[in-house]
>>> print(open('data.txt').read())   # compact mmCIF, N, CA and C atoms
# COMPACT_ATOMS: atom_id res chain seq x y z
N MET A 2 -57.44 -24.52 80.08
CA MET A 2 -56.30 -23.67 79.86
C MET A 2 -55.04 -24.52 79.85
N VAL A 3 -54.29 -24.44 78.78
CA VAL A 3 -53.08 -25.23 78.64
C VAL A 3 -51.88 -24.28 78.66
N LEU A 4 -50.92 -24.59 79.52
CA LEU A 4 -49.69 -23.81 79.60
C LEU A 4 -48.65 -24.41 78.68
N SER A 5 -47.74 -23.60 78.20
CA SER A 5 -46.64 -24.14 77.41
C SER A 5 -45.41 -24.24 78.32
N TYR A 6 -44.74 -25.37 78.25
CA TYR A 6 -43.57 -25.61 79.07
C TYR A 6 -42.34 -25.72 78.19
N GLU A 7 -41.20 -25.56 78.80
CA GLU A 7 -39.94 -25.73 78.08
C GLU A 7 -39.86 -27.18 77.59
N PRO A 8 -39.35 -27.39 76.37
CA PRO A 8 -39.20 -28.76 75.88
C PRO A 8 -38.28 -29.56 76.81
N GLY A 9 -38.63 -30.79 77.03
CA GLY A 9 -37.80 -31.67 77.85
C GLY A 9 -38.06 -31.59 79.34
N VAL A 10 -38.88 -30.65 79.78
CA VAL A 10 -39.19 -30.55 81.21
C VAL A 10 -40.10 -31.71 81.58
N LYS A 11 -39.64 -32.51 82.54
CA LYS A 11 -40.42 -33.70 82.92
C LYS A 11 -41.20 -33.49 84.21
N SER A 12 -40.77 -32.53 85.02
CA SER A 12 -41.42 -32.29 86.30
C SER A 12 -42.23 -31.00 86.22
N ARG A 13 -43.52 -31.15 86.42
CA ARG A 13 -44.43 -30.01 86.37
C ARG A 13 -45.23 -29.98 87.67
N ILE A 14 -44.97 -28.99 88.47
CA ILE A 14 -45.56 -28.88 89.79
C ILE A 14 -46.72 -27.88 89.75
N MET A 15 -47.86 -28.27 90.29
CA MET A 15 -49.02 -27.40 90.38
C MET A 15 -49.28 -27.12 91.85
N VAL A 16 -49.31 -25.85 92.22
CA VAL A 16 -49.57 -25.43 93.59
C VAL A 16 -50.96 -24.82 93.64
N CYS A 17 -51.81 -25.35 94.50
CA CYS A 17 -53.19 -24.87 94.62
C CYS A 17 -53.28 -23.89 95.79
N VAL A 18 -53.78 -22.69 95.51
CA VAL A 18 -53.86 -21.67 96.56
C VAL A 18 -55.29 -21.17 96.74
N THR A 19 -55.49 -20.60 97.91
CA THR A 19 -56.72 -19.89 98.26
C THR A 19 -56.29 -18.51 98.74
N PRO A 20 -57.21 -17.57 98.90
CA PRO A 20 -56.80 -16.23 99.34
C PRO A 20 -56.47 -16.18 100.83
N GLN A 21 -55.39 -16.88 101.21
CA GLN A 21 -54.93 -16.89 102.60
C GLN A 21 -53.42 -16.69 102.61
N LYS A 22 -52.95 -15.88 103.53
CA LYS A 22 -51.52 -15.60 103.63
C LYS A 22 -50.72 -16.89 103.88
N SER A 23 -51.33 -17.86 104.55
CA SER A 23 -50.64 -19.11 104.85
C SER A 23 -50.26 -19.89 103.58
N CYS A 24 -50.83 -19.52 102.45
CA CYS A 24 -50.51 -20.20 101.19
C CYS A 24 -49.11 -19.83 100.67
N GLN A 25 -48.49 -18.84 101.29
CA GLN A 25 -47.12 -18.50 100.89
C GLN A 25 -46.21 -19.71 101.04
N ARG A 26 -46.42 -20.51 102.08
CA ARG A 26 -45.59 -21.70 102.29
C ARG A 26 -45.78 -22.72 101.18
N LEU A 27 -46.96 -22.76 100.59
CA LEU A 27 -47.22 -23.67 99.48
C LEU A 27 -46.48 -23.22 98.24
N VAL A 28 -46.50 -21.92 97.98
CA VAL A 28 -45.78 -21.37 96.83
C VAL A 28 -44.29 -21.63 96.98
N GLU A 29 -43.76 -21.41 98.19
CA GLU A 29 -42.34 -21.68 98.44
C GLU A 29 -42.02 -23.15 98.23
N ARG A 30 -42.90 -24.03 98.67
CA ARG A 30 -42.68 -25.47 98.50
C ARG A 30 -42.71 -25.83 97.01
N GLY A 31 -43.61 -25.25 96.26
CA GLY A 31 -43.68 -25.51 94.83
C GLY A 31 -42.40 -25.08 94.12
N ALA A 32 -41.90 -23.91 94.47
CA ALA A 32 -40.65 -23.42 93.87
C ALA A 32 -39.49 -24.33 94.25
N GLU A 33 -39.48 -24.77 95.50
CA GLU A 33 -38.43 -25.68 95.99
C GLU A 33 -38.46 -27.01 95.24
N ARG A 34 -39.66 -27.58 95.08
CA ARG A 34 -39.80 -28.86 94.37
C ARG A 34 -39.38 -28.73 92.91
N ALA A 35 -39.75 -27.62 92.28
CA ALA A 35 -39.37 -27.39 90.89
C ALA A 35 -37.85 -27.33 90.77
N LYS A 36 -37.22 -26.68 91.73
CA LYS A 36 -35.75 -26.58 91.71
C LYS A 36 -35.12 -27.96 91.94
N GLU A 37 -35.64 -28.71 92.92
CA GLU A 37 -35.11 -30.04 93.24
C GLU A 37 -35.21 -31.00 92.05
N THR A 38 -36.28 -30.86 91.28
CA THR A 38 -36.54 -31.81 90.18
C THR A 38 -36.18 -31.24 88.82
N ASN A 39 -35.58 -30.05 88.82
CA ASN A 39 -35.24 -29.37 87.57
C ASN A 39 -36.48 -29.22 86.69
N GLY A 40 -37.56 -28.81 87.33
CA GLY A 40 -38.83 -28.69 86.63
C GLY A 40 -39.36 -27.28 86.66
N GLU A 41 -40.64 -27.16 86.42
CA GLU A 41 -41.34 -25.88 86.42
C GLU A 41 -42.54 -25.97 87.34
N PHE A 42 -42.99 -24.81 87.82
CA PHE A 42 -44.18 -24.83 88.67
C PHE A 42 -45.14 -23.72 88.29
N CYS A 43 -46.39 -23.97 88.61
CA CYS A 43 -47.43 -22.98 88.41
C CYS A 43 -48.31 -22.95 89.65
N VAL A 44 -48.85 -21.78 89.91
CA VAL A 44 -49.78 -21.60 91.01
C VAL A 44 -51.17 -21.44 90.40
N VAL A 45 -52.12 -22.18 90.95
CA VAL A 45 -53.47 -22.20 90.40
C VAL A 45 -54.47 -21.80 91.48
N TYR A 46 -55.36 -20.90 91.10
CA TYR A 46 -56.46 -20.49 91.96
C TYR A 46 -57.76 -20.74 91.21
N VAL A 47 -58.73 -21.35 91.88
CA VAL A 47 -60.03 -21.59 91.27
C VAL A 47 -61.03 -20.59 91.83
N ASN A 48 -61.58 -19.79 90.93
CA ASN A 48 -62.60 -18.82 91.29
C ASN A 48 -63.97 -19.46 91.05
N LYS A 49 -64.77 -19.56 92.08
CA LYS A 49 -66.10 -20.16 91.94
C LYS A 49 -67.13 -19.17 91.42
N ASN A 50 -66.79 -17.89 91.43
CA ASN A 50 -67.69 -16.85 90.92
C ASN A 50 -67.29 -16.52 89.49
N ASN A 51 -68.19 -15.94 88.75
CA ASN A 51 -67.86 -15.53 87.39
C ASN A 51 -67.17 -14.18 87.35
N ASP A 52 -67.31 -13.38 88.39
CA ASP A 52 -66.73 -12.04 88.40
C ASP A 52 -65.35 -12.07 89.04
N ILE A 53 -64.35 -12.46 88.26
CA ILE A 53 -62.99 -12.60 88.77
C ILE A 53 -62.41 -11.26 89.20
N TYR A 54 -62.76 -10.18 88.54
CA TYR A 54 -62.20 -8.89 88.89
C TYR A 54 -62.66 -8.45 90.28
N LYS A 55 -63.91 -8.68 90.58
CA LYS A 55 -64.41 -8.37 91.92
C LYS A 55 -63.69 -9.24 92.94
N ASP A 56 -63.50 -10.51 92.61
CA ASP A 56 -62.84 -11.45 93.50
C ASP A 56 -61.41 -10.99 93.80
N LEU A 57 -60.69 -10.55 92.78
CA LEU A 57 -59.32 -10.11 93.00
C LEU A 57 -59.25 -8.84 93.85
N LYS A 58 -60.20 -7.95 93.68
CA LYS A 58 -60.22 -6.74 94.50
C LYS A 58 -60.44 -7.11 95.97
N GLU A 59 -61.31 -8.07 96.18
CA GLU A 59 -61.62 -8.50 97.54
C GLU A 59 -60.48 -9.30 98.17
N HIS A 60 -59.64 -9.90 97.37
CA HIS A 60 -58.59 -10.77 97.89
C HIS A 60 -57.21 -10.29 97.45
N LYS A 61 -56.77 -9.21 98.06
CA LYS A 61 -55.46 -8.66 97.71
C LYS A 61 -54.35 -9.67 97.95
N ILE A 62 -54.58 -10.58 98.87
CA ILE A 62 -53.57 -11.60 99.16
C ILE A 62 -53.27 -12.44 97.92
N LEU A 63 -54.29 -12.66 97.08
CA LEU A 63 -54.05 -13.41 95.85
C LEU A 63 -53.02 -12.72 94.97
N ILE A 64 -53.13 -11.43 94.87
CA ILE A 64 -52.18 -10.67 94.05
C ILE A 64 -50.77 -10.82 94.64
N GLU A 65 -50.66 -10.77 95.97
CA GLU A 65 -49.36 -10.96 96.62
C GLU A 65 -48.81 -12.36 96.31
N LEU A 66 -49.67 -13.36 96.37
CA LEU A 66 -49.24 -14.74 96.06
C LEU A 66 -48.80 -14.85 94.60
N PHE A 67 -49.54 -14.21 93.70
CA PHE A 67 -49.20 -14.26 92.28
C PHE A 67 -47.87 -13.57 92.01
N GLU A 68 -47.64 -12.42 92.66
CA GLU A 68 -46.37 -11.71 92.50
C GLU A 68 -45.21 -12.55 93.04
N MET A 69 -45.42 -13.18 94.18
CA MET A 69 -44.41 -14.05 94.78
C MET A 69 -44.08 -15.20 93.83
N THR A 70 -45.10 -15.78 93.24
CA THR A 70 -44.93 -16.88 92.29
C THR A 70 -44.04 -16.46 91.13
N GLN A 71 -44.34 -15.32 90.57
CA GLN A 71 -43.57 -14.84 89.42
C GLN A 71 -42.13 -14.52 89.81
N LYS A 72 -41.91 -13.97 90.99
CA LYS A 72 -40.55 -13.69 91.46
C LYS A 72 -39.75 -14.97 91.64
N LEU A 73 -40.43 -16.05 92.00
CA LEU A 73 -39.77 -17.34 92.20
C LEU A 73 -39.66 -18.15 90.90
N GLY A 74 -40.12 -17.56 89.80
CA GLY A 74 -39.98 -18.21 88.49
C GLY A 74 -41.16 -19.05 88.06
N GLY A 75 -42.27 -18.96 88.77
CA GLY A 75 -43.45 -19.75 88.42
C GLY A 75 -44.44 -18.98 87.57
N ARG A 76 -45.47 -19.68 87.18
CA ARG A 76 -46.55 -19.09 86.40
C ARG A 76 -47.82 -19.11 87.22
N VAL A 77 -48.78 -18.31 86.80
CA VAL A 77 -50.05 -18.20 87.51
C VAL A 77 -51.19 -18.52 86.56
N SER A 78 -52.14 -19.30 87.03
CA SER A 78 -53.35 -19.58 86.27
C SER A 78 -54.56 -19.41 87.17
N ILE A 79 -55.55 -18.71 86.67
CA ILE A 79 -56.82 -18.55 87.39
C ILE A 79 -57.87 -19.32 86.62
N LEU A 80 -58.49 -20.26 87.30
CA LEU A 80 -59.52 -21.09 86.68
C LEU A 80 -60.88 -20.67 87.22
N VAL A 81 -61.92 -20.95 86.46
CA VAL A 81 -63.28 -20.71 86.92
C VAL A 81 -63.99 -22.05 86.91
N GLY A 82 -64.64 -22.38 88.01
CA GLY A 82 -65.36 -23.64 88.07
C GLY A 82 -66.18 -23.72 89.33
N LYS A 83 -67.31 -24.38 89.23
CA LYS A 83 -68.20 -24.53 90.39
C LYS A 83 -67.65 -25.57 91.37
N LYS A 84 -67.02 -26.64 90.81
CA LYS A 84 -66.47 -27.68 91.66
C LYS A 84 -64.95 -27.61 91.57
N ILE A 85 -64.33 -27.18 92.66
CA ILE A 85 -62.89 -26.90 92.66
C ILE A 85 -62.07 -28.13 92.31
N SER A 86 -62.39 -29.28 92.89
CA SER A 86 -61.58 -30.48 92.62
C SER A 86 -61.63 -30.86 91.14
N ASP A 87 -62.77 -30.69 90.50
CA ASP A 87 -62.87 -31.01 89.07
C ASP A 87 -62.03 -30.05 88.23
N ALA A 88 -62.10 -28.75 88.55
CA ALA A 88 -61.33 -27.76 87.79
C ALA A 88 -59.83 -28.03 87.93
N LEU A 89 -59.39 -28.36 89.14
CA LEU A 89 -57.97 -28.64 89.36
C LEU A 89 -57.54 -29.92 88.65
N ALA A 90 -58.35 -30.96 88.72
CA ALA A 90 -58.01 -32.24 88.08
C ALA A 90 -57.94 -32.08 86.57
N GLU A 91 -58.86 -31.34 86.00
CA GLU A 91 -58.85 -31.13 84.55
C GLU A 91 -57.63 -30.33 84.12
N PHE A 92 -57.29 -29.30 84.88
CA PHE A 92 -56.10 -28.50 84.57
C PHE A 92 -54.84 -29.37 84.65
N ALA A 93 -54.77 -30.21 85.68
CA ALA A 93 -53.60 -31.09 85.85
C ALA A 93 -53.46 -32.04 84.67
N ALA A 94 -54.56 -32.61 84.23
CA ALA A 94 -54.52 -33.55 83.10
C ALA A 94 -54.14 -32.84 81.81
N GLU A 95 -54.72 -31.68 81.56
CA GLU A 95 -54.45 -30.94 80.32
C GLU A 95 -53.00 -30.47 80.23
N ASN A 96 -52.36 -30.26 81.38
CA ASN A 96 -51.03 -29.68 81.41
C ASN A 96 -49.94 -30.68 81.81
N ASP A 97 -50.26 -31.96 81.79
CA ASP A 97 -49.28 -33.01 82.14
C ASP A 97 -48.57 -32.73 83.45
N ILE A 98 -49.34 -32.33 84.45
CA ILE A 98 -48.79 -32.05 85.78
C ILE A 98 -48.32 -33.38 86.39
N THR A 99 -47.16 -33.34 87.05
CA THR A 99 -46.62 -34.55 87.67
C THR A 99 -46.81 -34.57 89.18
N GLU A 100 -46.99 -33.39 89.76
CA GLU A 100 -47.14 -33.30 91.21
C GLU A 100 -48.04 -32.11 91.55
N ILE A 101 -48.90 -32.31 92.55
CA ILE A 101 -49.79 -31.26 93.02
C ILE A 101 -49.49 -31.01 94.49
N ILE A 102 -49.39 -29.73 94.84
CA ILE A 102 -49.17 -29.35 96.23
C ILE A 102 -50.41 -28.60 96.71
N VAL A 103 -50.98 -29.08 97.81
CA VAL A 103 -52.16 -28.44 98.41
C VAL A 103 -51.92 -28.27 99.91
N GLY A 104 -52.62 -27.34 100.49
CA GLY A 104 -52.56 -27.16 101.94
C GLY A 104 -53.68 -27.91 102.61
N LYS A 105 -53.39 -28.44 103.78
CA LYS A 105 -54.43 -29.13 104.56
C LYS A 105 -55.50 -28.11 104.93
N SER A 106 -56.73 -28.49 104.77
CA SER A 106 -57.85 -27.59 105.04
C SER A 106 -57.90 -27.21 106.51
N LEU A 107 -58.14 -25.95 106.74
CA LEU A 107 -58.30 -25.45 108.11
C LEU A 107 -59.77 -25.37 108.48
N ARG A 108 -60.63 -25.84 107.58
CA ARG A 108 -62.07 -25.78 107.81
C ARG A 108 -62.49 -26.83 108.84
N SER A 109 -63.56 -26.55 109.53
CA SER A 109 -64.09 -27.50 110.52
C SER A 109 -64.72 -28.69 109.80
N ALA A 110 -64.86 -29.78 110.52
CA ALA A 110 -65.50 -30.97 109.96
C ALA A 110 -66.93 -30.64 109.53
N PHE A 111 -67.61 -29.81 110.28
CA PHE A 111 -68.96 -29.41 109.94
C PHE A 111 -68.99 -28.64 108.61
N ASP A 112 -68.05 -27.72 108.44
CA ASP A 112 -67.97 -26.93 107.21
C ASP A 112 -67.68 -27.85 106.01
N VAL A 113 -66.79 -28.80 106.19
CA VAL A 113 -66.49 -29.75 105.11
C VAL A 113 -67.73 -30.58 104.77
N LEU A 114 -68.47 -30.97 105.80
CA LEU A 114 -69.70 -31.74 105.60
C LEU A 114 -70.72 -30.94 104.80
N ILE A 115 -70.88 -29.67 105.13
CA ILE A 115 -71.85 -28.81 104.46
C ILE A 115 -71.42 -28.43 103.05
N HIS A 116 -70.15 -28.01 102.90
CA HIS A 116 -69.68 -27.46 101.63
C HIS A 116 -68.86 -28.44 100.79
N GLY A 117 -68.51 -29.57 101.36
CA GLY A 117 -67.75 -30.57 100.61
C GLY A 117 -66.25 -30.44 100.76
N ASP A 118 -65.58 -31.54 100.50
CA ASP A 118 -64.13 -31.64 100.58
C ASP A 118 -63.53 -31.38 99.21
N VAL A 119 -62.32 -30.88 99.16
CA VAL A 119 -61.63 -30.66 97.90
C VAL A 119 -60.50 -31.68 97.71
N ILE A 120 -59.73 -31.91 98.76
CA ILE A 120 -58.51 -32.71 98.63
C ILE A 120 -58.79 -34.16 98.26
N ASN A 121 -59.68 -34.83 98.97
CA ASN A 121 -59.92 -36.25 98.68
C ASN A 121 -60.50 -36.49 97.29
N PRO A 122 -61.49 -35.72 96.85
CA PRO A 122 -61.95 -35.90 95.47
C PRO A 122 -60.87 -35.60 94.43
N LEU A 123 -60.02 -34.63 94.72
CA LEU A 123 -58.92 -34.31 93.81
C LEU A 123 -57.96 -35.49 93.71
N ILE A 124 -57.59 -36.05 94.85
CA ILE A 124 -56.69 -37.20 94.86
C ILE A 124 -57.30 -38.35 94.05
N LYS A 125 -58.57 -38.63 94.25
CA LYS A 125 -59.23 -39.71 93.49
C LYS A 125 -59.20 -39.45 91.99
N ARG A 126 -59.41 -38.19 91.61
CA ARG A 126 -59.44 -37.86 90.17
C ARG A 126 -58.07 -37.98 89.50
N VAL A 127 -56.99 -37.69 90.24
CA VAL A 127 -55.67 -37.65 89.60
C VAL A 127 -54.83 -38.90 89.82
N GLU A 128 -55.23 -39.77 90.75
CA GLU A 128 -54.41 -40.93 91.05
C GLU A 128 -54.29 -41.88 89.85
N GLU A 129 -55.30 -41.95 89.01
CA GLU A 129 -55.25 -42.82 87.84
C GLU A 129 -54.23 -42.32 86.80
N LYS A 130 -53.85 -41.06 86.91
CA LYS A 130 -52.85 -40.49 85.99
C LYS A 130 -51.47 -40.45 86.63
N ASN A 131 -51.33 -41.12 87.80
CA ASN A 131 -50.06 -41.19 88.53
C ASN A 131 -49.51 -39.83 88.92
N ILE A 132 -50.40 -38.91 89.26
CA ILE A 132 -49.98 -37.59 89.73
C ILE A 132 -49.87 -37.66 91.25
N ILE A 133 -48.74 -37.24 91.76
CA ILE A 133 -48.49 -37.24 93.19
C ILE A 133 -49.17 -36.01 93.80
N VAL A 134 -49.86 -36.20 94.92
CA VAL A 134 -50.47 -35.09 95.65
C VAL A 134 -49.81 -35.00 97.02
N GLU A 135 -49.18 -33.85 97.27
CA GLU A 135 -48.53 -33.61 98.56
C GLU A 135 -49.41 -32.64 99.34
N VAL A 136 -49.84 -33.07 100.53
CA VAL A 136 -50.67 -32.23 101.39
C VAL A 136 -49.77 -31.65 102.48
N ILE A 137 -49.69 -30.33 102.51
CA ILE A 137 -48.83 -29.63 103.46
C ILE A 137 -49.66 -29.20 104.67
N GLU A 138 -49.16 -29.48 105.85
CA GLU A 138 -49.84 -29.09 107.10
C GLU A 138 -49.83 -27.59 107.24
>>> encode(input="data.txt", output="C-alpha cells")
Amino acid sequence: MVLSYEPGVKSRIMVCVTPQKSCQRLVERGAERAKETNGEFCVVYVNKNNDIYKDLKEHKILIELFEMTQKLGGRVSILVGKKISDALAEFAAENDITEIIVGKSLRSAFDVLIHGDVINPLIKRVEEKNIIVEVIE
C-alpha cells in the first residue's frame, strides 16, 4: 500500500500501533515529530488475521486511535501480514518513510521467546535505508 504525500515533504513519520490505549502516546509523538519537522505522519496497524472487520469489532481502541490520528492530521493504514516486522518494513520502504515510532514491548521475555520480537527485526530491516527508529518507553 502506497500513500500519496504532499510534494516536497521530506519528513514522513510512521507510527506503529497495537490495540492498546497506551498507544495514544505514540500517536501524539508522531504528530509532534511531524510538526517539528514540517512533515506528515501516518499510523499503521498490522492485522495478522485475514478477517479485519472482526478484528476491528474486537478492538474498539483501534478505532479510537484512528480517529485521534485523523484529528491530529495524520493518515491511517491497516496492513495484513503474518510477520509484523516484515509488513512494517515493506510499508516503510514503499512509502519513503524517514522515521518510525514504536512502543517498547510490554510482553514478558518468555512471550517474546515464544512468539518472536518485532522491534529488533524491524530495526535490522530498515537500517540499510537510513530510517530512524524511535522506541518510546
>>> residues_around(input="data.txt", residues="stretch 65-82 of chain A", least_positions_apart="2", cutoff="5 Å", atoms="only N, CA and C atoms", output="ChimeraX atom specification")
/A:42-49,61-63,84
>>> closest_residue(input="data.txt", among="A:Val119, A:Ile102, A:Ala88, A:Ile133", to="A:Val28", atoms="all atoms listed in the file")
A:Ile102
>>> closest_residue(input="data.txt", among="A:Met15, A:Ala90, A:Glu41, A:Glu33", to="A:Val127", atoms="all atoms listed in the file")
A:Ala90
>>> atom_distance(input="data.txt", atom1="atom CA of A:Asp87", atom2="atom CA of A:Leu123")
7.0 Å
>>> atom_distance(input="data.txt", atom1="atom CA of A:Glu95", atom2="atom CA of A:Thr19")
21.2 Å
>>> atom_distance(input="data.txt", atom1="atom CA of A:Glu100", atom2="atom CA of A:Lys22")
22.1 Å
